[in-house]
Each structure stands twice: as C-alpha cells, then as structure tokens.
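Undergrad: For reference, this is start-v1.txt, and it has compact mmCIF, C-alpha atoms.
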# COMPACT_ATOMS: atom_id res chain seq x y z
CA MET A 1 77.33 95.83 124.84
CA ASP A 2 77.05 95.75 121.04
CA LEU A 3 78.73 97.47 118.12
CA GLY A 4 76.60 100.54 118.74
CA TYR A 5 78.37 101.00 122.05
CA LEU A 6 81.77 100.61 120.41
CA ARG A 7 80.90 103.12 117.68
CA GLU A 8 79.88 105.64 120.33
CA HIS A 9 82.84 104.87 122.63
CA PRO A 10 85.76 103.72 120.44
CA ASN A 11 88.20 104.64 123.20
CA GLN A 12 86.59 101.95 125.35
CA LEU A 13 87.77 99.06 123.17
CA ALA A 14 89.48 97.21 126.00
CA THR A 15 86.35 97.40 128.17
CA PHE A 16 84.16 96.31 125.27
CA LEU A 17 86.27 93.24 124.53
CA LYS A 18 86.50 92.35 128.21
CA HIS A 19 82.72 92.05 128.41
CA GLN A 20 82.39 89.79 125.37
CA ARG A 21 82.73 86.01 125.24
CA ILE A 22 84.66 86.19 122.01
CA ARG A 23 85.30 83.34 119.60
CA THR A 24 88.56 84.00 117.77
CA THR A 25 89.40 82.69 114.30
CA PRO A 26 92.80 83.41 112.72
CA VAL A 27 92.69 85.17 109.34
CA ALA A 28 95.27 84.22 106.73
CA GLY A 29 97.39 86.72 104.86
CA GLY A 30 98.88 88.91 107.56
CA SER A 31 102.68 88.97 107.39
CA ILE A 32 103.30 92.07 109.52
CA CYS A 33 100.30 92.04 111.85
CA GLN A 34 98.32 89.30 113.51
CA ALA A 35 94.86 89.22 111.93
CA GLU A 36 91.77 87.66 113.53
CA ARG A 37 88.04 87.34 113.06
CA LEU A 38 86.28 88.02 116.35
CA THR A 39 82.76 86.68 116.80
CA LEU A 40 80.90 88.63 119.49
CA ASP A 41 78.18 87.49 121.87
CA ASP A 42 75.38 88.44 119.49
CA GLY A 43 77.01 86.57 116.56
CA THR A 44 78.37 89.70 114.89
CA ASP A 45 81.83 89.34 113.35
CA VAL A 46 84.51 92.02 113.38
CA PHE A 47 88.05 92.08 112.03
CA ALA A 48 90.93 92.82 114.39
CA LYS A 49 94.60 93.27 113.62
CA SER A 50 97.35 93.74 116.16
CA ARG A 51 101.10 94.17 116.16
CA PRO A 52 102.99 94.04 119.46
CA GLY A 53 105.60 96.77 119.63
CA ALA A 54 104.11 98.79 116.79
CA PRO A 55 104.84 102.53 116.76
CA ASP A 56 102.29 104.46 118.79
CA ASP A 57 100.72 106.02 115.70
CA PHE A 58 100.82 102.92 113.49
CA PHE A 59 97.14 101.98 113.68
CA ALA A 60 95.92 105.56 114.08
CA ILE A 61 97.45 106.42 110.71
CA GLU A 62 95.93 103.36 109.05
CA ALA A 63 92.54 104.20 110.58
CA ALA A 64 92.75 107.78 109.29
CA GLY A 65 93.64 106.50 105.82
CA LEU A 66 90.70 104.09 105.80
CA ARG A 67 88.31 106.85 106.84
CA TRP A 68 89.69 109.21 104.18
CA LEU A 69 89.22 106.63 101.46
CA ARG A 70 85.76 105.75 102.75
CA ASP A 71 84.76 109.44 102.65
CA ALA A 72 85.31 109.41 98.89
CA ALA A 73 82.14 107.28 98.51
CA GLY A 74 83.84 105.28 95.76
CA ALA A 75 85.33 101.82 96.24
CA PRO A 76 83.99 100.39 99.51
CA VAL A 77 86.17 100.46 102.62
CA PRO A 78 85.50 98.70 105.95
CA GLU A 79 84.27 100.95 108.74
CA VAL A 80 86.79 101.71 111.46
CA LEU A 81 85.18 100.73 114.77
CA ALA A 82 88.13 101.47 117.05
CA SER A 83 91.89 101.85 117.03
CA THR A 84 94.45 101.82 119.81
CA ALA A 85 98.23 101.83 119.92
CA ASP A 86 98.29 98.06 119.42
CA MET A 87 95.01 97.13 117.71
CA LEU A 88 92.67 98.13 114.89
CA VAL A 89 89.07 96.85 114.74
CA LEU A 90 87.01 97.04 111.55
CA THR A 91 83.67 95.79 110.32
CA TRP A 92 83.96 92.29 108.92
CA VAL A 93 83.99 91.81 105.13
CA GLN A 94 82.69 88.36 104.25
CA PRO A 95 84.87 86.86 101.48
CA ALA A 96 83.33 85.81 98.17
CA GLU A 97 84.56 84.78 94.76
CA PRO A 98 85.49 87.57 92.34
CA THR A 99 83.17 87.94 89.37
CA PRO A 100 83.37 89.90 86.11
CA ALA A 101 80.46 92.08 87.21
CA ALA A 102 82.16 92.87 90.53
CA ALA A 103 85.37 93.70 88.68
CA GLU A 104 83.59 96.15 86.39
CA ARG A 105 81.92 97.77 89.38
CA PHE A 106 85.28 98.03 91.10
CA GLY A 107 86.75 99.83 88.09
CA ARG A 108 84.00 102.46 88.24
CA GLU A 109 84.17 102.80 92.01
CA LEU A 110 87.96 103.09 92.10
CA ALA A 111 87.67 105.87 89.51
CA ALA A 112 85.29 107.68 91.90
CA THR A 113 87.77 107.29 94.77
CA HIS A 114 90.54 108.79 92.66
CA ARG A 115 88.30 111.64 91.45
CA ALA A 116 87.69 112.67 95.06
CA GLY A 117 91.20 114.09 94.94
CA ALA A 118 93.61 115.38 97.56
CA PRO A 119 94.95 118.82 98.52
CA SER A 120 98.47 117.93 97.36
CA PHE A 121 100.76 115.03 96.66
CA GLY A 122 101.65 113.43 100.00
CA ALA A 123 99.64 113.82 103.19
CA GLU A 124 99.36 115.83 106.39
CA ARG A 125 101.65 113.43 108.23
CA ASP A 126 104.07 110.65 107.43
CA GLY A 127 102.82 107.10 107.35
CA TYR A 128 103.90 103.50 106.89
CA LEU A 129 104.21 101.09 104.00
CA GLY A 130 104.21 97.78 105.81
CA THR A 131 106.85 98.41 108.45
CA LEU A 132 108.72 100.94 106.32
CA PRO A 133 108.37 104.65 107.02
CA LEU A 134 106.45 106.48 104.28
CA ASP A 135 107.62 110.02 103.61
CA ASN A 136 104.45 112.03 102.99
CA THR A 137 106.11 115.43 102.67
CA THR A 138 103.72 117.38 100.46
CA GLY A 139 104.46 118.61 96.97
CA SER A 140 102.74 120.12 93.95
CA ALA A 141 104.65 118.51 91.04
CA TRP A 142 104.27 114.74 90.86
CA PRO A 143 107.51 113.70 89.07
CA ALA A 144 109.83 115.43 91.56
CA TRP A 145 107.66 114.41 94.50
CA PHE A 146 107.58 110.75 93.43
CA ALA A 147 111.33 110.68 92.88
CA GLU A 148 112.25 112.28 96.20
CA HIS A 149 109.63 110.86 98.54
CA ARG A 150 108.89 107.44 97.07
CA LEU A 151 111.77 106.12 94.94
CA ARG A 152 114.93 107.58 96.50
CA PRO A 153 114.21 106.59 100.14
CA TYR A 154 113.66 102.93 99.24
CA LEU A 155 116.56 102.94 96.79
CA ARG A 156 118.89 104.06 99.60
CA ARG A 157 117.60 101.33 101.91
CA SER A 158 117.96 98.72 99.17
CA VAL A 159 121.60 99.70 98.62
CA ASP A 160 122.32 99.80 102.35
CA ASN A 161 120.97 96.27 102.90
CA GLY A 162 122.85 94.87 99.89
CA ALA A 163 119.78 94.11 97.78
CA LEU A 164 121.06 96.38 95.01
CA ASP A 165 124.70 96.82 94.05
CA GLY A 166 126.23 99.84 92.33
CA THR A 167 125.17 98.69 88.88
CA GLY A 168 121.57 98.16 89.94
CA ALA A 169 121.45 101.45 91.81
CA GLY A 170 122.85 103.15 88.73
CA ARG A 171 119.96 101.82 86.67
CA ILE A 172 117.47 103.33 89.12
CA ASP A 173 119.40 106.60 89.12
CA ALA A 174 119.05 106.67 85.33
CA VAL A 175 115.28 106.40 85.74
CA LEU A 176 115.32 109.22 88.28
CA ASP A 177 117.30 111.40 85.88
CA ARG A 178 114.60 110.91 83.23
CA ILE A 179 111.54 111.04 85.44
CA GLU A 180 110.22 114.33 84.06
CA THR A 181 110.09 112.72 80.61
CA LEU A 182 108.80 109.36 81.83
CA ALA A 183 106.01 110.76 84.02
CA GLY A 184 103.60 111.72 81.24
CA PRO A 185 101.19 114.66 81.24
CA PRO A 186 100.65 116.50 84.55
CA GLU A 187 97.67 115.39 86.64
CA PRO A 188 96.15 116.79 89.84
CA PRO A 189 96.61 114.76 93.04
CA ALA A 190 94.26 111.78 93.24
CA ARG A 191 92.98 110.14 96.40
CA VAL A 192 94.97 106.90 96.22
CA HIS A 193 95.17 103.72 98.28
CA GLY A 194 98.94 103.70 97.84
CA ASP A 195 99.61 99.98 98.38
CA LEU A 196 97.05 98.50 96.01
CA TRP A 197 98.62 95.17 95.11
CA PRO A 198 96.04 92.41 94.61
CA GLY A 199 96.33 91.14 98.18
CA ASN A 200 94.87 94.41 99.48
CA VAL A 201 91.60 93.96 97.57
CA LEU A 202 88.87 91.85 99.20
CA TRP A 203 86.00 90.46 97.13
CA SER A 204 82.63 90.33 98.88
CA ALA A 205 78.99 90.34 97.81
CA GLY A 206 79.53 91.63 94.29
CA ARG A 207 82.05 94.32 95.19
CA ALA A 208 85.79 94.73 95.75
CA TRP A 209 86.83 96.34 99.03
CA LEU A 210 90.00 98.32 99.81
CA VAL A 211 92.04 97.32 102.88
CA ASP A 212 95.52 97.93 104.33
CA PRO A 213 96.12 101.31 102.69
CA ALA A 214 99.07 103.65 102.64
CA ALA A 215 96.64 106.40 101.70
CA HIS A 216 97.85 109.75 100.36
CA GLY A 217 97.51 112.20 97.53
CA GLY A 218 99.25 110.54 94.61
CA HIS A 219 99.04 109.65 90.94
CA ARG A 220 96.05 107.49 90.08
CA GLU A 221 98.13 105.40 87.68
CA THR A 222 100.13 104.11 90.66
CA ASP A 223 97.12 102.30 92.12
CA LEU A 224 96.26 100.83 88.71
CA ALA A 225 99.83 99.71 88.05
CA LEU A 226 100.11 97.97 91.42
CA LEU A 227 96.99 95.91 90.66
CA ARG A 228 99.05 94.18 87.94
CA LEU A 229 101.75 92.90 90.29
CA TRP A 230 102.32 89.31 91.45
CA GLY A 231 99.82 87.55 89.28
CA GLY A 232 97.48 90.48 88.90
CA LEU A 233 93.98 91.09 90.23
CA PRO A 234 91.32 88.63 89.03
CA HIS A 235 89.38 89.99 86.03
CA LEU A 236 91.82 92.89 85.82
CA ASP A 237 90.97 93.52 82.18
CA ARG A 238 87.35 94.19 83.24
CA VAL A 239 88.51 96.50 86.04
CA LEU A 240 90.72 98.55 83.73
CA ALA A 241 88.15 98.77 80.95
CA ALA A 242 85.45 100.02 83.32
CA TYR A 243 87.91 102.47 84.90
CA GLN A 244 88.93 103.79 81.49
CA GLU A 245 85.30 104.35 80.55
CA ALA A 246 84.59 106.22 83.79
CA PHE A 247 87.85 108.20 84.07
CA PRO A 248 90.05 107.91 80.95
CA LEU A 249 93.81 107.79 81.43
CA ALA A 250 96.23 110.02 79.56
CA PRO A 251 97.79 108.54 76.41
CA GLY A 252 100.81 106.31 77.05
CA ALA A 253 99.63 104.98 80.40
CA ALA A 254 100.67 101.42 79.54
CA ASP A 255 104.26 102.57 79.01
CA ARG A 256 104.29 104.17 82.46
CA VAL A 257 103.25 101.03 84.35
CA PRO A 258 106.87 100.03 85.26
CA LEU A 259 107.55 103.50 86.67
CA HIS A 260 104.57 103.33 89.02
CA GLN A 261 105.36 99.74 90.02
CA LEU A 262 108.96 100.63 90.82
CA TYR A 263 107.83 102.31 94.05
CA LEU A 264 106.44 99.12 95.59
CA LEU A 265 109.14 96.90 94.11
CA LEU A 266 111.87 99.04 95.69
CA ALA A 267 109.97 98.90 98.97
CA HIS A 268 110.22 95.10 98.73
CA THR A 269 113.98 95.11 98.17
CA ALA A 270 114.22 97.54 101.08
CA LEU A 271 112.20 95.20 103.30
CA PHE A 272 113.08 91.71 102.07
CA GLY A 273 116.38 92.05 100.25
CA ALA A 274 117.67 90.59 97.00
CA ALA A 275 114.73 88.25 96.39
CA TYR A 276 112.99 91.11 94.58
CA ARG A 277 116.09 92.46 92.81
CA GLY A 278 115.17 90.94 89.46
CA GLU A 279 111.74 92.57 89.41
CA VAL A 280 113.21 95.96 90.29
CA LEU A 281 115.79 95.77 87.53
CA THR A 282 113.25 94.50 84.99
CA ALA A 283 110.99 97.48 85.70
CA ALA A 284 113.85 99.95 85.51
CA THR A 285 115.17 98.45 82.27
CA ALA A 286 111.74 98.73 80.65
CA LEU A 287 111.87 102.49 81.25
CA LEU A 288 115.34 103.11 79.78
What does the file become when written as structure tokens?

TA:
Amino acid sequence: MDLGYLREHPNQLATFLKHQRIRTTPVAGGSICQAERLTLDDGTDVFAKSRPGAPDDFFAIEAAGLRWLRDAAGAPVPEVLASTADMLVLTWVQPAEPTPAAAERFGRELAATHRAGAPSFGAERDGYLGTLPLDNTTGSAWPAWFAEHRLRPYLRRSVDNGALDGTGAGRIDAVLDRIETLAGPPEPPARVHGDLWPGNVLWSAGRAWLVDPAAHGGHRETDLALLRLWGGLPHLDRVLAAYQEAFPLAPGAADRVPLHQLYLLLAHTALFGAAYRGEVLTAATALL
C-alpha cells in the first residue's frame, strides 16, 4: 500500500496504517493536538495530528477548511490525505529557512487566496479556533458580523473566566459601539485562513504554506493583521509590500490592525486567562 491507495480510499486510514512499518518522529509546536511525522515503508513522509476526545467533527472541519483554501490556487496548502474522528493526515511539508524571495511570493499568493472570495461572511457550518467553538453564522455586513460572531463570544468567555474585569470589558464594549466607524470601507467576503498568526505559516522550498486554519469568509485585513502578532512573520515587510502590489488595501489599513487582532487576542484570554489581558487592552485602547 502507498499514498495512492490512501488517496483513493481515505476511509481506510486505519487499515493503511496497520499495514505499514511506520517510523514516528514527534513534531514540535502542537499545543492542542499531538503532531507527528510518519515515515512509511517506501520512505515517504506524511504529517499526522491527533487529539483524543476531540469532537466528532473536529478534524473533518479542519480538513474541509484546508481543501477550501487549497482550491483557491493561491498560497500553498498541504493535501488532505485522510481524516477521521481522531486523526488528520496530510502531505508532509519539509521545513526550510524563510527568505525574502519566499516572503514576496507569499504576499502575492495570499492575495490570490483572498481574491478567491466566499459566498458570505462566516461559513456553512460552525468550526473551531483551537479548542474554542467558532460561530460561523453567515452575514452580509462585516462590521456587525465581526462584532457579534467573533468579538462578543470571546469577550463573554474572557469575563466569565476572570481574565477581564468590568473595566476591561467596558473598553471592549466601547470598541464594539464604534465598530461601524472603525471598520473602514466595505469589502466583499474574502477567503481567509482565520487563524494566521506566524506559527501557522510553514516555510518550505521557497514558499510559505498555510496550516491549521479556521477557514471562513472574512475580512482579508484580519489575516494580514494576525501575521504581525507575537514577534511577527519573518520578512513581513516583504510579504505586505508584495500583497499591496497585487491586491491594494483600502486607505487606513494600518489604523485598523488592532481591531482585526482583537479577535485572536480575545480568543487567547478566553482560552488561557489573564496572561493575555495586557495585549487585549492595548489593542482596544489603540482604537479608542
């Protein structure tokens, strides 16, 4: 059995793995799932991630998001070989050092992914952001959709777990009250990765690959803003310049960066508590 068999019979993953003498190598970086590099009998490597006790649709939704992004023919995305209730198997992406040329190519290719568009803001079904539920209720106006289905749910969780007190929550509420003004000119739904912090970009063979998405129809500036978080993507200036040349942003995009980052920052206070409180409040304050 080889990968051809698995591509033709993805529902036979367990049988396929049973008939392989697999060499397993742990892959660093997974905080929610266990990640491994599996070397098959013929020397081919694949990537496998698993999470015991995951919701039944957890990997199916990720697989669908990867395929949807891959269909855009923009930024490269690993091929989904198989997914089950407790495992996802993808083609292996061999790591390499980021280069300026790869960064510029990524900017152009990410622009192509975004241009592929989406039928609406949101998606056909709800998803996950890490272990958090992701409300993908569809909408046609981005400011109201972003407020109700991205910011408010994680604000409520952050208050409930004590990460934000009344004063902090009030600062976020002030942003929500002004979101129509803060959002900038209307844009059609873009095909976005949705969780595009630098750790979800893999550099390989002169390109940057998208992994671990929370894919949906969203605002393209969200993906670009998230690339700036936590140290920023290597050669980010080259990425943004190439993107701007291929698909120019509306005026004032730099001022909107904190608004788009607030979504993922609130998700972190919802998941991990007060450790991310300062970053949330800094982003909110920059908008007020």

Undergrad: Do you have the atom CA of A:Ala190-atom CA of A:Arg156 distance handy?

TA: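 Interatomic distance here is 26.6 Å.
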
Undergrad: Go through stretch 96-136 of chain A residue by residue and, counting all atoms listed in the file, keep those with an atom at most 7 Å from stretch 208-221 of chain A; for each kept residue give the shortest atom pair and its distance in Å to one decimal, ordered by chain and increasing number, as a tab-separated table.

TA:
residue	atom	partner	partner_atom	distance
A:Ala102	CA	A:Ala208	CA	6.6
A:Phe106	CA	A:Ala208	CA	5.7
A:His114	CA	A:Arg220	CA	6.2
A:Ala118	CA	A:Gly217	CA	5.0
A:Ser120	CA	A:Gly217	CA	5.8
A:Phe121	CA	A:Gly217	CA	4.4
A:Gly122	CA	A:Gly217	CA	5.0
A:Ala123	CA	A:His216	CA	5.3
A:Gly127	CA	A:Ala214	CA	6.9
A:Tyr128	CA	A:Ala214	CA	6.4
A:Leu129	CA	A:Ala214	CA	5.9

Undergrad: Extract, using only C-alpha atoms, all DNA, RNA and protein residues at most 10 Å from stretch 180-186 of chain A, discarding same-chain residues fewer than 6 positions from it, and format them as a list of chain:residue names.

TA: A:Ala141, A:Trp142, A:Pro143, A:Ala144, A:Phe146, A:Ala147, A:His219, A:Ala250, A:Pro251, A:Gly252, A:Ala253, A:Asp255, A:Arg256, A:Leu259, A:His260, A:Leu287, A:Leu288

Undergrad: Atom CA of A:Asp223 to atom CA of A:Trp197: how many Å, to one decimal?

TA: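 Spanning atom CA of A:Asp223 to atom CA of A:Trp197 is a straight-line distance of 7.9 Å.
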
Undergrad: Point out the residue among A:Arg70, A:His235, A:Arg150, A:Arg125 with the least atom-to-atom distance to A:Leu265, counting only C-alpha atoms.

TA: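 So, comparing all the options, the nearest one is A:Arg150.
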